[in-house]
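Below is one structure, written out as structure tokens, with a few remarks after it.
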There are 2 protein chains.
Amino acid sequence: MKESARQPSKFLAVIAQIQTMIKTDALRSGDKIPSERELSDRLSIGRSSVREALRALELLGLIETRRGEGTFLRDFKDHQLVPLIGAFLFDQDQKKKDVQEVKAILELGCLALLAQKNNLTSRDQQLSFDHYMEKADNRLLENIWMIISDYAGSDKENERLDELLEAAKQIQFPERQ
Amino acid sequence: MKESARQPSKFLAVIAQIQTMIKTDALRSGDKIPSERELSDRLSIGRSSVREALRALELLGLIETRRGEGTFLRDFKDHQLVPLIGAFLFDQDQKKKDVQEVKAILELGCLALLAQKNNLTSRDQQLSFDHYMEKADNRLLENIWMIISDYAGSDKENERLDELLEAAKQIQFPERQ
DNA sequence: GAATGGATGGTGGTCTGACCACGTAATTCA
DNA sequence: TGAATTACGTGGTCAGACCACCATCCATTC
């Protein structure tokens, strides 16, 4: 025997098993998955390892645990990635410039989406970006924008709205496949 | 006593502590963080809880553990999110659209930044976005784009490059303060 | 002196069993 | 019948014990 196969840690195996379980049982958002103890039993893996896997998935926002009730699948829309990663990213790049730039990009893109979908009515002109983001019908974009906005601090966004709107109307997103 | 303050699970506290530690000690990629047992000691938290937090961060690719050696900070570029989340995206249609849209927005914004700074030479026309993102000099933008790109999967981005470039040149970001 | 190789201690990986805190459902009792 | 109590299942946490692995030190050996 050259190498002992170096088994990929148990807790990764648990995650894989859960993924399989979700697929074969056709589990959906809100469905309950087996308890930690049952998983531990069925997979012949210590409960602590099961918990490590579940905690990781929870941090990602893929599952939700409720004490006394159980563990449930979560809608991916509510994923925790952005806030989480954000906390780590911002430690590195504190540069306010970066934040402001990205925020502007997201807002511009949001307006461009709306313009493209002809969802911009003249009445929208004085609305805030919270509203625009909602109309853009893109939860991911909305989530990222909210996080960025938190870090960007308050600014007089309305001052730039008209300019941004004009710019947005010019943009044509290339179609894909 | 009405409510017992419902402390936010220990393992989240550990993550927060680690983030703080990274900041105050100015830790960088490759640096070693305290051992599980030491963290358990210093934070007065059971080792299992510490492990749950570390495993979660490892799954995200934010840290790397080497048996017999210790736990180390990792370069964020090596994050593990992609294959993981992918397996959980069972009902994916809406989400895929979201990801594609955000990706396009980020890329467009990147080009707009470059155009604004007059950093677009004609020689750049055939370069990939990895390159553009680097030139844009915005680590935050680059990081977010990398995450999104992984989710989006491979596409023929070069097909859209010329169009995007043209659109980007038209964009004028409103100046701020 | 230099190279070998074993002993030692530290680290992550895992398991077990024991509690606690919380919800729910069944049971009991008025 | 209805309210209170109990029992049970669940996640949350802890402590201790092993194992596997790695680096280091140090005595042995050449």
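Every chain in the structure tokens takes a letter, A first, then B, and so on in the order presented; its residues are numbered from 1, and the ligands are numbered from 1 following the presented order.
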
Sorted per-residue table, chain C near chain B, closest atoms and distance, 12 Å, only C-alpha atoms (C1' of nucleotides), as a tab-separated table:
```
residue	atom	partner	partner_atom	distance
C:DG9	C1'	B:Gly68	CA	10.9
C:DG10	C1'	B:Gly68	CA	7.4
C:DT11	C1'	B:Gly68	CA	4.2
C:DG12	C1'	B:Arg67	CA	4.4
C:DG13	C1'	B:Arg67	CA	7.9
C:DT14	C1'	B:Ser48	CA	10.9
C:DC15	C1'	B:Ser48	CA	11.8
C:DA21	C1'	B:Arg6	CA	10.2
C:DC22	C1'	B:Arg6	CA	11.1
```

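Once region 25-27 of chain D and its same-chain neighbours fewer than 6 positions away are set aside, C:DG5, C:DG6, C:DA7, C:DT8 remain within 10 Å of it when counting only C-alpha atoms (C1' of nucleotides).
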
inquiry  = Quick check: residues of chain D within 8 Å of chain A, only C-alpha atoms (C1' of nucleotides), returned as a PyMOL selection string.
reply    = chain D and resi 9-12

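Residue nearest DG16 (chain D) within the list C:DA30, C:DA25, C:DA18, C:DA2: C:DA18 [criterion: smallest interatomic distance, only C-alpha atoms (C1' of nucleotides)].
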
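Separating CA of Val99 (chain A) from CA of His131 (chain B) is a distance of 20.2 Å.
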
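Counting only C-alpha atoms, the residue from B:Ala152, B:Leu140, B:Met21, B:Met133 that sits nearest to chain A is B:Leu140.
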
Polymer residues at most 10 Å from Asp137 (chain B), only C-alpha atoms (C1' of nucleotides), same-chain spacing of 4 or more positions, as number ranges by chain = A: 98; B: 110, 113-114, 132-133, 141-142

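If you look at CA of Leu73 (chain A) and CA of Ala56 (chain A), they are 13.4 Å away from each other.
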
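In terms of minimum interatomic distance to DC29 (chain C), D:DA3 ranks closest within D:DC22, D:DC8, D:DC30, D:DA3, counting only C-alpha atoms (C1' of nucleotides).
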
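From CA of Leu62 (chain A) back to CA of Ile148 (chain B), the distance works out to 17.2 Å.
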
ask   = Using only C-alpha atoms (C1' of nucleotides), which residues sit within 10 Å of DT16 (chain C) once same-chain residues fewer than 4 positions away are excluded, as a PyMOL selection string?
value = (chain A and resi 46-48) or (chain D and resi 16-17)

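Distance annotation: of A:Leu127, A:Leu43, A:Ala115, A:Ile15, the residue with the minimal separation from chain B is A:Ile15; atom set is only C-alpha atoms.
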
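Using only C-alpha atoms, the smallest distance between any of B:Glu52, B:Asp41, B:Asp25, B:Asp31 and chain A comes from B:Glu52.
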